[in-house]
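One structure is given here, and the rest of the page talks about it.
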Amino acid sequence: MANKIFSASITNWYVKAYPTDDLGPEIDGNFAGALKTMAKGGDIYDYMGVGDSLVRERLFTRLSEMLDLDYDHIYNLWLEQAVSPELRAKAEENGIIIKPQTAKENA
């Protein structure tokens with residue numbers, strides 16, 4: 001089970017961090033789900049329910065801070081489903097098992 005911080009609502013964090021952004025209340029999901037979605041090749045915009053790149057960038061920045069990793073680890077996860085050893089280890093430390101998309105799922 002994911003650490004409580006990663007199980008937390010992205011919406012709750014976002015509306016506190018960016019109170020003037022009207023998209024905040026529309027955001028869905030939690031941080032662990034965002035990581036798992038990207039690792040499986042899912043669409044992060046669909047997962048969040050918001051198709052705004054600034055929201056995505058803010059989420060990626062927050063995930064990198066939470067995992068104490070460079071932003072590039074999260075960006076590459078999203079862009080290429082590239083799960084670096086560092087990302088996998090940090091996720092597992094927080095109770096998040098990241099399973100990459102398999103060839104069978106890709107077909």
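Each chain of the structure tokens is named A, B, ... in the order shown, its residues numbered from 1; ligands are numbered from 1 in display order.
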Once DSSP has gone over the backbone, tell me which residues of range 1-77 of chain A are in helix (DSSP H, G or I), as an NGL selection string.
-> :A and (4-7 or 10-17 or 24-26 or 31-39 or 44-48 or 53-67 or 71-77)
9 Å contact set for range 63-67 of chain A, only C-alpha atoms, chain neighbours under 3 positions out, as a list in words | Ile5, Phe6, Phe31, Leu35, Arg58, Leu59, Phe60, Asp70, Tyr71, Asp72, His73, Ile74, Leu87, Lys90, Ala91 and Asn94 of chain A
Which of A:Asn76, A:Ser53, A:Ser84, A:Ser9 sits closest to Ala34 in chain A [using only C-alpha atoms] = A:Ser9
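Comparing the minimum interatomic distances between Leu23 in chain A and each of A:Leu54, A:Met38, A:Ile44, A:Leu69, counting only C-alpha atoms, we find that A:Leu54 sits nearest.
Between CA of Tyr18 in chain A and CA of Arg88 in chain A there is a distance of 28.5 Å.
Across A:Val15, A:Ile27, A:Val55, A:Ala39, the tightest approach to Ile98 in chain A is made by A:Ala39 when counting only C-alpha atoms.
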May I ask which of the residues A:Gly51, A:Glu92, A:Lys36, A:Asp43 is the closest one to Leu79 in chain A, counting only C-alpha atoms?
-> A:Asp43
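Between CA of Ile96 in chain A and CA of Lys4 in chain A there is a distance of 10.8 Å.
Residue nearest Glu80 in chain A, chosen from A:Gly41, A:Gly33, A:Pro19, A:Pro25 and counting only C-alpha atoms: A:Gly41.
In this structure, CA of Asp21 in chain A sits 19.3 Å away from CA of Ala8 in chain A.
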